[in-house]
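Student: Dropping in input.cif, with mmCIF, C-alpha atoms and all ligand atoms.
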```cif
data_input
loop_
_atom_site.label_atom_id
_atom_site.label_comp_id
_atom_site.auth_asym_id
_atom_site.auth_seq_id
_atom_site.Cartn_x
_atom_site.Cartn_y
_atom_site.Cartn_z
CA MET A 12 -21.21 8.39 -7.93
CA ASN A 13 -18.73 6.21 -9.81
CA GLY A 14 -17.11 4.74 -6.74
CA VAL A 15 -17.29 1.28 -5.23
CA GLU A 16 -19.04 0.28 -2.04
CA LEU A 17 -18.62 -3.00 -0.17
CA ARG A 18 -21.30 -3.77 2.39
CA GLY A 19 -20.66 -6.55 4.88
CA VAL A 20 -18.72 -8.59 2.34
CA THR A 21 -17.53 -12.02 3.51
CA LYS A 22 -15.79 -14.89 1.78
CA ALA A 23 -15.30 -18.46 2.92
CA TYR A 24 -13.55 -21.33 1.17
CA SER A 25 -14.92 -24.71 2.29
CA GLY A 26 -16.37 -23.10 5.40
CA LEU A 27 -13.12 -21.34 6.31
CA ALA A 28 -13.60 -17.54 6.52
CA VAL A 29 -10.93 -15.61 4.62
CA MET A 30 -12.74 -12.23 4.37
CA LYS A 31 -14.61 -11.07 7.44
CA ASP A 32 -17.31 -8.38 7.25
CA ILE A 33 -15.63 -5.94 4.89
CA ASN A 34 -17.31 -2.52 4.81
CA LEU A 35 -15.61 -0.05 2.53
CA GLU A 36 -16.58 3.03 0.56
CA ILE A 37 -14.22 3.83 -2.27
CA GLU A 38 -14.78 7.36 -3.47
CA ASP A 39 -15.11 8.25 -7.11
CA GLY A 40 -11.65 9.10 -8.46
CA ALA A 41 -9.78 7.59 -5.49
CA PHE A 42 -6.51 5.71 -5.87
CA LEU A 43 -7.24 3.16 -3.17
CA VAL A 44 -4.47 0.74 -2.26
CA LEU A 45 -5.25 -2.55 -0.51
CA LEU A 46 -2.07 -3.24 1.44
CA GLY A 47 -1.18 -6.29 3.46
CA PRO A 48 1.07 -9.33 3.72
CA SER A 49 0.80 -12.31 1.41
CA GLY A 50 -2.32 -14.38 2.14
CA CYS A 51 -4.27 -11.62 3.92
CA GLY A 52 -7.00 -11.65 1.25
CA LYS A 53 -6.12 -8.79 -1.12
CA SER A 54 -6.59 -10.73 -4.35
CA THR A 55 -9.74 -12.39 -3.05
CA LEU A 56 -11.25 -8.98 -2.32
CA LEU A 57 -10.24 -7.58 -5.71
CA ASN A 58 -11.57 -10.65 -7.51
CA MET A 59 -14.90 -10.25 -5.72
CA ILE A 60 -15.11 -6.62 -6.88
CA ALA A 61 -14.28 -7.82 -10.40
CA GLY A 62 -16.87 -10.59 -10.25
CA LEU A 63 -14.26 -13.31 -10.82
CA GLU A 64 -15.04 -14.76 -7.36
CA PRO A 65 -18.56 -14.89 -5.92
CA VAL A 66 -19.06 -13.34 -2.48
CA THR A 67 -20.19 -15.61 0.36
CA GLY A 68 -22.17 -12.76 1.94
CA GLY A 69 -22.73 -9.02 1.56
CA GLU A 70 -23.12 -6.67 -1.39
CA ILE A 71 -20.88 -4.94 -3.92
CA HIS A 72 -22.09 -1.70 -5.45
CA ILE A 73 -20.29 -0.08 -8.37
CA ALA A 74 -21.28 3.35 -9.66
CA GLY A 75 -24.35 3.27 -7.44
CA ARG A 76 -25.67 -0.09 -8.70
CA ASP A 77 -25.80 -3.39 -6.86
CA MET A 78 -23.50 -5.58 -8.96
CA THR A 79 -23.09 -8.43 -6.48
CA LYS A 80 -24.63 -10.99 -8.80
CA LEU A 81 -23.39 -9.67 -12.15
CA GLU A 82 -20.79 -11.25 -14.43
CA PRO A 83 -17.38 -9.52 -14.76
CA ASP A 84 -18.14 -8.12 -18.22
CA GLU A 85 -21.36 -6.54 -16.93
CA ARG A 86 -19.57 -4.54 -14.22
CA ASP A 87 -17.76 -1.87 -16.26
CA ILE A 88 -14.40 -2.66 -14.67
CA ALA A 89 -11.01 -3.52 -16.16
CA MET A 90 -8.36 -5.56 -14.42
CA VAL A 91 -4.56 -5.74 -14.70
CA PHE A 92 -2.88 -8.81 -13.23
CA GLN A 93 0.62 -9.48 -11.97
CA SER A 94 1.03 -12.08 -14.72
CA TYR A 95 0.39 -9.91 -17.75
CA ALA A 96 -1.87 -12.56 -19.33
CA LEU A 97 -1.29 -11.30 -22.89
CA TYR A 98 -2.34 -13.41 -25.88
CA PRO A 99 1.02 -14.74 -27.12
CA THR A 100 0.05 -15.17 -30.78
CA MET A 101 -1.46 -11.69 -31.18
CA SER A 102 0.41 -8.46 -31.89
CA VAL A 103 0.38 -5.72 -29.26
CA ARG A 104 -2.16 -3.85 -31.40
CA LYS A 105 -4.51 -6.86 -31.40
CA ASN A 106 -3.94 -7.56 -27.71
CA ILE A 107 -5.02 -4.03 -26.86
CA GLY A 108 -7.93 -3.96 -29.31
CA PHE A 109 -9.25 -7.44 -28.61
CA GLY A 110 -11.70 -6.45 -25.87
CA LEU A 111 -13.19 -3.76 -28.10
CA LYS A 112 -13.55 -6.20 -31.00
CA MET A 113 -15.38 -8.64 -28.73
CA ARG A 114 -17.75 -5.81 -27.85
CA GLY A 115 -18.46 -5.27 -31.54
CA MET A 116 -16.76 -1.88 -31.93
CA ALA A 117 -16.20 -0.88 -35.59
CA ARG A 118 -12.67 -1.41 -36.88
CA PRO A 119 -11.74 2.24 -37.56
CA ASP A 120 -12.87 3.15 -34.04
CA ILE A 121 -10.74 0.35 -32.58
CA GLU A 122 -7.74 1.54 -34.61
CA ARG A 123 -8.17 5.10 -33.38
CA ARG A 124 -8.59 4.03 -29.75
CA VAL A 125 -5.56 1.70 -29.85
CA SER A 126 -3.43 4.52 -31.36
CA GLU A 127 -4.48 6.90 -28.60
CA ILE A 128 -3.56 4.36 -25.92
CA GLY A 129 -0.27 3.61 -27.70
CA GLU A 130 0.59 7.33 -27.54
CA LEU A 131 -0.50 7.65 -23.93
CA LEU A 132 1.67 4.71 -22.80
CA GLN A 133 4.49 5.48 -25.26
CA ILE A 134 4.35 2.09 -26.92
CA THR A 135 3.49 3.22 -30.47
CA PRO A 136 6.71 1.73 -31.95
CA LEU A 137 5.84 -1.64 -30.37
CA LEU A 138 2.30 -2.03 -31.69
CA ASP A 139 3.19 -4.59 -34.36
CA ARG A 140 5.39 -6.78 -32.16
CA LYS A 141 4.37 -9.99 -30.44
CA PRO A 142 4.49 -10.17 -26.60
CA SER A 143 7.52 -12.49 -26.75
CA GLN A 144 9.47 -9.67 -28.45
CA LEU A 145 8.88 -7.31 -25.50
CA SER A 146 10.68 -6.78 -22.18
CA GLY A 147 8.79 -7.35 -18.92
CA GLY A 148 8.18 -3.63 -18.50
CA GLN A 149 6.86 -3.31 -22.04
CA GLN A 150 4.55 -6.29 -21.55
CA GLN A 151 3.22 -4.70 -18.39
CA ARG A 152 2.49 -1.50 -20.33
CA VAL A 153 0.54 -3.50 -22.91
CA ALA A 154 -1.46 -5.16 -20.12
CA ILE A 155 -2.25 -1.70 -18.73
CA GLY A 156 -3.12 -0.52 -22.24
CA ARG A 157 -5.59 -3.35 -22.59
CA ALA A 158 -7.35 -2.16 -19.43
CA LEU A 159 -7.25 1.54 -20.36
CA VAL A 160 -8.64 1.04 -23.85
CA ARG A 161 -11.95 -0.12 -22.44
CA ASP A 162 -12.47 3.16 -20.58
CA PRO A 163 -14.12 1.49 -17.56
CA VAL A 164 -15.58 3.17 -14.47
CA VAL A 165 -13.09 1.38 -12.19
CA PHE A 166 -9.61 -0.04 -12.75
CA LEU A 167 -8.50 -3.00 -10.66
CA PHE A 168 -4.76 -3.72 -10.39
CA ASP A 169 -3.39 -6.85 -8.67
CA GLU A 170 0.31 -6.40 -7.87
CA PRO A 171 0.99 -5.16 -11.42
CA LEU A 172 4.62 -4.20 -10.78
CA SER A 173 5.82 -7.21 -8.76
CA ASN A 174 7.54 -8.89 -11.70
CA LEU A 175 9.59 -5.84 -12.67
CA ASP A 176 13.08 -5.00 -11.44
CA ALA A 177 13.49 -2.23 -8.87
CA LYS A 178 14.36 0.58 -11.31
CA LEU A 179 11.51 -0.19 -13.70
CA ARG A 180 9.12 -0.56 -10.80
CA ALA A 181 9.99 2.95 -9.62
CA ASP A 182 9.51 4.33 -13.16
CA MET A 183 6.17 2.58 -13.64
CA ARG A 184 5.03 3.85 -10.28
CA VAL A 185 5.53 7.41 -11.44
CA GLU A 186 3.69 6.67 -14.69
CA LEU A 187 0.75 5.09 -12.92
CA LYS A 188 0.45 8.08 -10.65
CA ARG A 189 0.52 10.45 -13.64
CA LEU A 190 -2.03 8.32 -15.42
CA HIS A 191 -4.36 8.47 -12.45
CA GLU A 192 -3.99 12.24 -12.16
CA ARG A 193 -4.70 12.58 -15.86
CA LEU A 194 -7.67 10.21 -16.13
CA GLY A 195 -9.17 10.89 -12.69
CA ARG A 196 -10.66 7.38 -12.64
CA THR A 197 -11.21 5.20 -9.60
CA ILE A 198 -8.37 2.74 -9.10
CA VAL A 199 -8.29 -0.15 -6.64
CA TYR A 200 -4.73 -1.37 -6.42
CA VAL A 201 -3.45 -4.40 -4.52
CA THR A 202 0.11 -4.61 -3.25
CA HIS A 203 2.17 -6.01 -0.38
CA ASP A 204 4.74 -3.25 -0.99
CA GLN A 205 4.32 -0.43 1.50
CA ILE A 206 6.39 1.98 -0.62
CA GLU A 207 4.00 1.49 -3.54
CA ALA A 208 1.08 2.06 -1.20
CA MET A 209 2.55 5.22 0.32
CA THR A 210 3.57 6.76 -3.01
CA LEU A 211 0.48 5.93 -5.10
CA ALA A 212 -2.51 5.97 -2.78
CA THR A 213 -4.94 8.74 -1.99
CA ARG A 214 -6.32 6.22 0.49
CA VAL A 215 -4.72 3.11 2.03
CA VAL A 216 -6.65 0.15 3.40
CA VAL A 217 -4.44 -2.13 5.48
CA LEU A 218 -5.64 -5.73 5.63
CA GLU A 219 -4.62 -8.56 7.90
CA GLN A 220 -6.20 -12.01 7.96
CA GLY A 221 -9.27 -10.87 6.05
CA ARG A 222 -9.99 -7.84 8.23
CA ILE A 223 -9.51 -4.13 7.63
CA GLN A 224 -6.99 -2.84 10.17
CA GLN A 225 -6.98 0.80 9.06
CA ASN A 226 -8.62 2.81 6.27
CA ASP A 227 -6.91 6.18 6.10
CA THR A 228 -4.72 8.60 4.18
CA PRO A 229 -1.15 7.38 3.57
CA GLU A 230 0.10 10.11 5.94
CA ASN A 231 -2.11 8.93 8.80
CA VAL A 232 -1.32 5.27 8.23
CA TYR A 233 2.33 6.17 8.73
CA ARG A 234 2.04 8.86 11.41
CA ARG A 235 -0.92 7.57 13.38
CA PRO A 236 -1.09 3.79 12.90
CA ALA A 237 -4.30 2.38 14.37
CA ASN A 238 -2.60 -0.61 15.95
CA ARG A 239 0.67 -2.47 16.31
CA PHE A 240 0.11 -4.52 13.18
CA VAL A 241 -0.20 -1.43 10.96
CA ALA A 242 2.67 0.26 12.79
CA SER A 243 5.03 -2.63 12.16
CA PHE A 244 3.89 -3.38 8.60
CA VAL A 245 4.33 0.19 7.32
CA GLY A 246 7.78 1.80 7.55
CA ALA A 247 11.28 0.44 6.99
CA PRO A 248 13.32 -0.06 9.08
CA THR A 249 10.37 -0.99 11.21
CA MET A 250 9.09 0.91 14.22
CA ASN A 251 10.83 0.13 17.55
CA PHE A 252 8.53 -1.30 20.23
CA LEU A 253 9.39 -1.10 23.93
CA ASP A 254 7.28 -2.44 26.79
CA GLY A 255 7.20 -0.46 30.04
CA LYS A 256 5.66 2.65 31.61
CA LEU A 257 5.73 6.37 30.99
CA VAL A 258 6.70 8.00 34.29
CA ARG A 259 7.24 11.55 35.45
CA ASP A 260 10.68 12.59 36.75
CA GLY A 261 10.40 16.21 37.93
CA ASP A 262 9.45 18.21 34.82
CA ALA A 263 10.61 15.44 32.49
CA VAL A 264 8.88 12.28 31.26
CA LEU A 265 10.80 9.02 31.00
CA PHE A 266 9.93 5.68 29.51
CA ASP A 267 10.84 3.07 32.12
CA THR A 268 11.39 -0.42 30.73
CA GLY A 269 12.31 -1.87 34.09
CA ALA A 270 15.91 -2.24 32.90
CA GLY A 271 16.49 1.48 32.35
CA CYS A 272 14.90 4.74 31.25
CA LEU A 273 14.60 6.56 27.92
CA PRO A 274 13.71 10.29 28.12
CA VAL A 275 10.57 11.25 26.18
CA ALA A 276 10.75 14.93 25.25
CA GLY A 277 7.65 17.01 24.50
CA LEU A 278 4.96 14.45 25.30
CA PRO A 279 1.65 16.27 24.62
CA ASP A 280 -0.55 17.22 27.61
CA HIS A 281 -3.41 15.02 26.39
CA ALA A 282 -1.17 11.98 26.92
CA ALA A 283 -1.05 12.55 30.70
CA HIS A 284 -3.57 9.75 31.34
CA LEU A 285 -1.07 7.26 29.86
CA LEU A 286 1.44 7.79 32.67
CA ASP A 287 2.14 5.04 35.23
CA ARG A 288 0.38 2.16 33.48
CA PRO A 289 1.83 -0.65 31.37
CA VAL A 290 2.03 0.41 27.71
CA THR A 291 4.00 -0.34 24.56
CA LEU A 292 5.97 2.60 23.22
CA GLY A 293 6.23 2.76 19.42
CA ALA A 294 9.10 4.90 18.13
CA ARG A 295 10.06 5.04 14.46
CA PRO A 296 13.80 5.34 13.82
CA GLU A 297 13.34 9.07 13.08
CA HIS A 298 11.60 9.56 16.44
CA LEU A 299 14.82 8.64 18.28
CA VAL A 300 17.14 11.61 18.47
CA PHE A 301 20.81 11.83 19.46
CA ASP A 302 20.74 14.67 21.97
CA ASP A 303 22.76 15.61 25.06
CA ALA A 304 19.50 15.76 27.04
CA GLY A 305 19.03 12.03 26.39
CA CYS A 306 20.23 9.05 28.36
CA ALA A 307 23.35 6.97 27.94
CA ALA A 308 23.24 4.42 25.15
CA LYS A 309 25.79 2.25 23.37
CA VAL A 310 26.28 2.06 19.60
CA LEU A 311 26.04 -1.52 18.33
CA LEU A 312 26.27 -0.91 14.59
CA ALA A 313 25.83 1.95 12.11
CA GLU A 314 24.40 1.41 8.63
CA PRO A 315 24.94 4.37 6.30
CA THR A 316 22.51 4.40 3.35
CA GLY A 317 23.75 7.57 1.63
CA PRO A 318 21.29 10.33 2.55
CA ASP A 319 21.02 9.07 6.14
CA GLN A 320 22.23 6.32 8.43
CA TYR A 321 20.51 3.85 10.69
CA VAL A 322 22.23 3.36 14.02
CA ARG A 323 21.49 0.32 16.12
CA VAL A 324 21.88 1.20 19.82
CA ALA A 325 21.44 -0.53 23.16
CA VAL A 326 19.40 1.59 25.56
CA ALA A 327 17.25 0.91 28.63
CA GLY A 328 17.86 -2.82 28.36
CA ALA A 329 16.62 -2.95 24.77
CA GLU A 330 17.96 -2.63 21.22
CA VAL A 331 16.54 0.07 18.99
CA THR A 332 17.26 1.57 15.56
CA ALA A 333 17.63 5.35 15.25
CA ARG A 334 17.83 7.35 12.02
CA THR A 335 20.17 10.28 11.68
CA GLY A 336 22.03 12.29 9.03
CA PRO A 337 25.16 11.00 7.29
CA GLU A 338 27.62 13.49 8.86
CA GLN A 339 28.39 12.03 12.27
CA VAL A 340 30.54 8.90 12.48
CA PHE A 341 29.24 6.25 14.90
CA ARG A 342 31.79 3.64 15.93
CA SER A 343 30.57 0.33 17.32
CA GLY A 344 30.90 0.36 21.10
CA ALA A 345 30.86 4.18 21.38
CA SER A 346 28.76 5.91 24.05
CA VAL A 347 25.98 8.20 22.83
CA SER A 348 23.03 10.04 24.32
CA ILE A 349 19.54 9.43 22.98
CA LEU A 350 15.90 10.44 23.59
CA ALA A 351 12.48 9.88 22.05
CA ASP A 352 10.43 12.69 20.49
CA GLY A 353 7.20 12.62 22.50
CA ALA A 354 5.31 14.66 19.89
CA ARG A 355 5.67 11.94 17.28
CA ILE A 356 5.79 8.59 19.09
CA SER A 357 2.88 6.14 19.24
CA VAL A 358 1.65 4.39 22.37
CA PHE A 359 -0.19 1.06 22.24
CA ASP A 360 -2.26 -0.90 24.69
CA PRO A 361 0.01 -3.88 25.48
CA ASP A 362 -2.86 -6.37 25.48
CA SER A 363 -5.01 -5.35 22.51
CA GLY A 364 -2.25 -3.69 20.47
CA GLN A 365 -4.61 -0.78 19.72
CA ALA A 366 -3.08 2.70 19.52
CA ILE A 367 -3.90 4.82 22.56
CA LEU A 368 -1.80 7.82 21.41
P1 LIG B 401 -3.30 -12.22 -1.01
O1 LIG B 401 -3.71 -11.79 -2.38
O2 LIG B 401 -3.44 -11.14 0.02
O3 LIG B 401 -1.92 -12.80 -0.97
P2 LIG B 401 -5.39 -14.20 -1.30
O4 LIG B 401 -6.60 -13.35 -1.47
O5 LIG B 401 -4.83 -14.81 -2.52
O6 LIG B 401 -4.28 -13.38 -0.50
O7 LIG B 401 -5.74 -15.36 -0.27
C1 LIG B 401 -6.38 -15.13 0.96
C2 LIG B 401 -6.58 -16.42 1.70
O8 LIG B 401 -7.54 -17.22 1.01
C3 LIG B 401 -5.33 -17.27 1.81
O9 LIG B 401 -5.32 -17.86 3.07
C4 LIG B 401 -5.50 -18.30 0.72
O10 LIG B 401 -4.85 -19.49 1.06
C5 LIG B 401 -7.00 -18.48 0.68
N1 LIG B 401 -7.49 -18.84 -0.67
C6 LIG B 401 -7.40 -18.07 -1.78
N2 LIG B 401 -7.96 -18.67 -2.84
C7 LIG B 401 -8.42 -19.88 -2.38
C8 LIG B 401 -9.11 -20.98 -3.00
N3 LIG B 401 -9.44 -20.96 -4.29
N4 LIG B 401 -9.41 -22.04 -2.20
C9 LIG B 401 -9.11 -22.04 -0.88
N5 LIG B 401 -8.47 -21.05 -0.26
C10 LIG B 401 -8.11 -19.97 -0.99
MG MG B 402 -2.63 -11.84 -4.19
#
```
Is it possible to express this structure as structure tokens?
Ligand code: ADP
Ligand code: MG

Tutor:
Amino acid sequence: MNGVELRGVTKAYSGLAVMKDINLEIEDGAFLVLLGPSGCGKSTLLNMIAGLEPVTGGEIHIAGRDMTKLEPDERDIAMVFQSYALYPTMSVRKNIGFGLKMRGMARPDIERRVSEIGELLQITPLLDRKPSQLSGGQQQRVAIGRALVRDPVVFLFDEPLSNLDAKLRADMRVELKRLHERLGRTIVYVTHDQIEAMTLATRVVVLEQGRIQQNDTPENVYRRPANRFVASFVGAPTMNFLDGKLVRDGDAVLFDTGAGCLPVAGLPDHAAHLLDRPVTLGARPEHLVFDDAGCAAKVLLAEPTGPDQYVRVAVAGAEVTARTGPEQVFRSGASVSILADGARISVFDPDSGQAIL
């Protein structure tokens, strides 16, 4: 078992709790993404796994051993930071090989290992340059190379792509995913970027204010968010939330906001107990469908993005965003007909915010 296990981990700074009872099993070979807004405790958690920050309480096991009290270099982990933290006076070759030299590896072995990593990351032509002669993306590759060369049990990444421009970030994302598939090593990866989390992770852990909100597959985090926080943090444009009641109208189900009704088509039978009580309806833009069986709504604004368009509409006394294809033209002020897809919506308890469907 080469995974990581956190048991009841807590962290306080001057008595103020920032991590609260974190229990987490990270399977061997997982690409686990810690996702959450700035300040929620992602770096703190990663630094505690790395041994750069002591825990206040609890235990950290890596590869089946209790490593809670061990120094970073005794934990068989390698870390890549957002700031690449390269040695400015050393060549790329020396930057990558430095950790091995410190461990007393023989020079020919270091050379061989650095060449392999250079090939893997396609930076062979850069090996004799200094960091200042590299672009941001190239520097990030060197920082990754420095982690890979050590062949650790677990890789820890703290927002490694945040300093790159959008195009490079997308390219590096693909490379990281390939690298993980090729090496099969456990990766714990911190980001506040939900797209990175959704594309890279085999498992996503959503954090808010030092607590785990959901630990699930990327698909479930998106399709079945555990609570309103997860639902609103993942997905862009964000999920629409409407307060009101699900009510029956003959064979149909409507969502009654008090200021109007939105038809909910195909609500599953097991949701029957949610009728006639105050709830919050959560509908992603793609769960709102322009359909003649819907109710009257007014177009406020259409935003075409190329492959699809987001249409802001006023319905049932609220404003919502619906996603649709690029073909139809929506003029501001036009009347349309809209409904919610009951098979895909979420329903939340209005007080606790927990998902109840
Ligand atoms: P994230 O990486 O998710 O943005 P951090 O782990 O850096 O969040 O921080 C989590 C919380 O802990 C924040 O409220 C931050 O202000 C606090 N914090 C982090 N490091 C320290 C420190 N050295 N001293 C006091 N508070 C800290
Ligand atoms: Mg951070």

Student: I'd like to know which of A:Ile60, A:Val125, A:Leu97, A:Ala242 is closest to A:Gln149, using only C-alpha atoms.

Tutor: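 Of all the options, A:Leu97 lies closest to A:Gln149.
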
Student: Taking only C-alpha atoms and all ligand atoms into account, produce a table as CSV in which each residue of chain A with an atom at most 8 Å from an atom of ligand MG 402 (chain B) appears once, together with its shortest atom pair and the distance in Å to one decimal, ordered by chain and rising number.

Tutor:
```
residue,atom,partner,partner_atom,distance
A:Ser49,CA,B:MG402,MG,6.6
A:Gly50,CA,B:MG402,MG,6.8
A:Gly52,CA,B:MG402,MG,7.0
A:Lys53,CA,B:MG402,MG,5.6
A:Ser54,CA,B:MG402,MG,4.1
A:Thr55,CA,B:MG402,MG,7.2
A:Asp169,CA,B:MG402,MG,6.7
A:Glu170,CA,B:MG402,MG,7.2
A:Val201,CA,B:MG402,MG,7.5
A:Thr202,CA,B:MG402,MG,7.8
```

Student: How about saving the chosen residues, C-alpha atoms kept, as a PDB file, keeping the file's coordinate frame?

Tutor:
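As written to disk, result04.pdb reads:
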```pdb
ATOM      1  CA  SER A  49       0.800 -12.310   1.410  1.00  0.00           C
ATOM      2  CA  GLY A  50      -2.320 -14.380   2.140  1.00  0.00           C
ATOM      3  CA  GLY A  52      -7.000 -11.650   1.250  1.00  0.00           C
ATOM      4  CA  LYS A  53      -6.120  -8.790  -1.120  1.00  0.00           C
ATOM      5  CA  SER A  54      -6.590 -10.730  -4.350  1.00  0.00           C
ATOM      6  CA  THR A  55      -9.740 -12.390  -3.050  1.00  0.00           C
ATOM      7  CA  ASP A 169      -3.390  -6.850  -8.670  1.00  0.00           C
ATOM      8  CA  GLU A 170       0.310  -6.400  -7.870  1.00  0.00           C
ATOM      9  CA  VAL A 201      -3.450  -4.400  -4.520  1.00  0.00           C
ATOM     10  CA  THR A 202       0.110  -4.610  -3.250  1.00  0.00           C
TER      11      THR A 202
END
```

Student: With all atoms listed in the file counted and 10 Å as the cut-off, give the residues of chain A in contact with ligand LIG 401 (chain B), each with its shortest interatomic distance in Å and the pair that gives it, as JSON lines.

Tutor:
```
{"residue": "A:Lys22", "atom": "CA", "partner": "B:LIG401", "partner_atom": "O8", "distance": 8.6}
{"residue": "A:Ala23", "atom": "CA", "partner": "B:LIG401", "partner_atom": "N5", "distance": 8.0}
{"residue": "A:Tyr24", "atom": "CA", "partner": "B:LIG401", "partner_atom": "C9", "distance": 4.9}
{"residue": "A:Ser25", "atom": "CA", "partner": "B:LIG401", "partner_atom": "C9", "distance": 7.1}
{"residue": "A:Gly26", "atom": "CA", "partner": "B:LIG401", "partner_atom": "C9", "distance": 9.7}
{"residue": "A:Leu27", "atom": "CA", "partner": "B:LIG401", "partner_atom": "N5", "distance": 8.1}
{"residue": "A:Ala28", "atom": "CA", "partner": "B:LIG401", "partner_atom": "O8", "distance": 8.2}
{"residue": "A:Val29", "atom": "CA", "partner": "B:LIG401", "partner_atom": "O8", "distance": 5.2}
{"residue": "A:Met30", "atom": "CA", "partner": "B:LIG401", "partner_atom": "C1", "distance": 7.8}
{"residue": "A:Leu45", "atom": "CA", "partner": "B:LIG401", "partner_atom": "O2", "distance": 8.8}
{"residue": "A:Leu46", "atom": "CA", "partner": "B:LIG401", "partner_atom": "O2", "distance": 8.1}
{"residue": "A:Gly47", "atom": "CA", "partner": "B:LIG401", "partner_atom": "O2", "distance": 6.4}
{"residue": "A:Pro48", "atom": "CA", "partner": "B:LIG401", "partner_atom": "O2", "distance": 6.1}
{"residue": "A:Ser49", "atom": "CA", "partner": "B:LIG401", "partner_atom": "O3", "distance": 3.6}
{"residue": "A:Gly50", "atom": "CA", "partner": "B:LIG401", "partner_atom": "O6", "distance": 3.4}
{"residue": "A:Cys51", "atom": "CA", "partner": "B:LIG401", "partner_atom": "O2", "distance": 4.0}
{"residue": "A:Gly52", "atom": "CA", "partner": "B:LIG401", "partner_atom": "O4", "distance": 3.2}
{"residue": "A:Lys53", "atom": "CA", "partner": "B:LIG401", "partner_atom": "O2", "distance": 3.7}
{"residue": "A:Ser54", "atom": "CA", "partner": "B:LIG401", "partner_atom": "O1", "distance": 3.6}
{"residue": "A:Thr55", "atom": "CA", "partner": "B:LIG401", "partner_atom": "O4", "distance": 3.6}
{"residue": "A:Leu56", "atom": "CA", "partner": "B:LIG401", "partner_atom": "O4", "distance": 6.4}
{"residue": "A:Leu57", "atom": "CA", "partner": "B:LIG401", "partner_atom": "O4", "distance": 8.0}
{"residue": "A:Asn58", "atom": "CA", "partner": "B:LIG401", "partner_atom": "O4", "distance": 8.3}
{"residue": "A:Met59", "atom": "CA", "partner": "B:LIG401", "partner_atom": "O4", "distance": 9.8}
{"residue": "A:Glu64", "atom": "CA", "partner": "B:LIG401", "partner_atom": "N3", "distance": 8.9}
{"residue": "A:Asp169", "atom": "CA", "partner": "B:LIG401", "partner_atom": "O1", "distance": 8.0}
{"residue": "A:Glu170", "atom": "CA", "partner": "B:LIG401", "partner_atom": "O1", "distance": 8.7}
{"residue": "A:Val201", "atom": "CA", "partner": "B:LIG401", "partner_atom": "O1", "distance": 7.7}
{"residue": "A:Thr202", "atom": "CA", "partner": "B:LIG401", "partner_atom": "O2", "distance": 8.1}
{"residue": "A:His203", "atom": "CA", "partner": "B:LIG401", "partner_atom": "O2", "distance": 7.6}
{"residue": "A:Leu218", "atom": "CA", "partner": "B:LIG401", "partner_atom": "O2", "distance": 8.1}
{"residue": "A:Glu219", "atom": "CA", "partner": "B:LIG401", "partner_atom": "O2", "distance": 8.4}
{"residue": "A:Gln220", "atom": "CA", "partner": "B:LIG401", "partner_atom": "C1", "distance": 7.7}
{"residue": "A:Gly221", "atom": "CA", "partner": "B:LIG401", "partner_atom": "C1", "distance": 7.2}
```

Student: Rounded to one decimal, what separation in Å do you get between atom CA of A:Ser348 and atom CA of A:Pro315?

Tutor: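 Atom CA of A:Pro315 lies 19.0 Å from atom CA of A:Ser348.
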
Student: Do a neighbour search on A:Gly246 at 8 Å with only C-alpha atoms, toss out local chain neighbours closer than 2 positions, and write the hits as a list in words.

Tutor: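 Listing them by chain and then by number gives Gln205, Tyr233, Ala242, Ser243, Phe244, Pro248, Thr249, Met250 and Arg295 of chain A.
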
Student: As an exercise, work out the distance from atom CA of A:Asp280 to atom CA of A:Gly261 in Å and give it to one decimal place.

Tutor: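 Those two atoms sit 15.1 Å apart.
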
Student: Do you know which residues lie at most 6 Å from (4.4, -11.1, -12.9), with coordinates as in the file and only C-alpha atoms counted, and could you write them as an NGL selection string?

Tutor: :A and (93-94 or 173-174)

Student: Quick one: write out the picked residues with C-alpha atoms as a PDB file, keeping the file's coordinate frame?

Tutor:
```pdb
ATOM      1  CA  GLN A  93       0.620  -9.480 -11.970  1.00  0.00           C
ATOM      2  CA  SER A  94       1.030 -12.080 -14.720  1.00  0.00           C
ATOM      3  CA  SER A 173       5.820  -7.210  -8.760  1.00  0.00           C
ATOM      4  CA  ASN A 174       7.540  -8.890 -11.700  1.00  0.00           C
TER       5      ASN A 174
END
```

Student: If we count all atoms listed in the file and set the cut-off at 10 Å, which residues sit around stretch 69-77 of chain A, ignoring sequence neighbours fewer than 6 positions away in its own chain? Please answer as a list in words.

Tutor: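 My list of contacting residues is Met12, Asn13, Gly14, Val15, Glu16, Leu17, Arg18, Gly19, Val20, Thr21, Lys22, Asp32, Ile33, Asn34, Leu35, Glu36, Ile37, Glu38, Asp39, Met59, Ile60, Ala61, Gly62, Arg86, Asp87, Ile88, Val164 and Val165 of chain A.
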
Student: So which residues touch A:Glu192 within 12 Å, counting all atoms listed in the file, skipping near sequence neighbours fewer than 5 positions away, as a short mmCIF file (atom, residue, chain, number, x, y, z; two decimals) with C-alpha atoms, keeping the file's coordinate frame?

Tutor:
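Saved as selection.cif:
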```
data_model
loop_
_atom_site.label_atom_id
_atom_site.label_comp_id
_atom_site.auth_asym_id
_atom_site.auth_seq_id
_atom_site.Cartn_x
_atom_site.Cartn_y
_atom_site.Cartn_z
CA GLY A 40 -11.65 9.10 -8.46
CA ALA A 41 -9.78 7.59 -5.49
CA PHE A 42 -6.51 5.71 -5.87
CA VAL A 185 5.53 7.41 -11.44
CA GLU A 186 3.69 6.67 -14.69
CA LEU A 187 0.75 5.09 -12.92
CA THR A 197 -11.21 5.20 -9.60
CA ILE A 198 -8.37 2.74 -9.10
CA LEU A 211 0.48 5.93 -5.10
CA ALA A 212 -2.51 5.97 -2.78
CA THR A 213 -4.94 8.74 -1.99
#
```
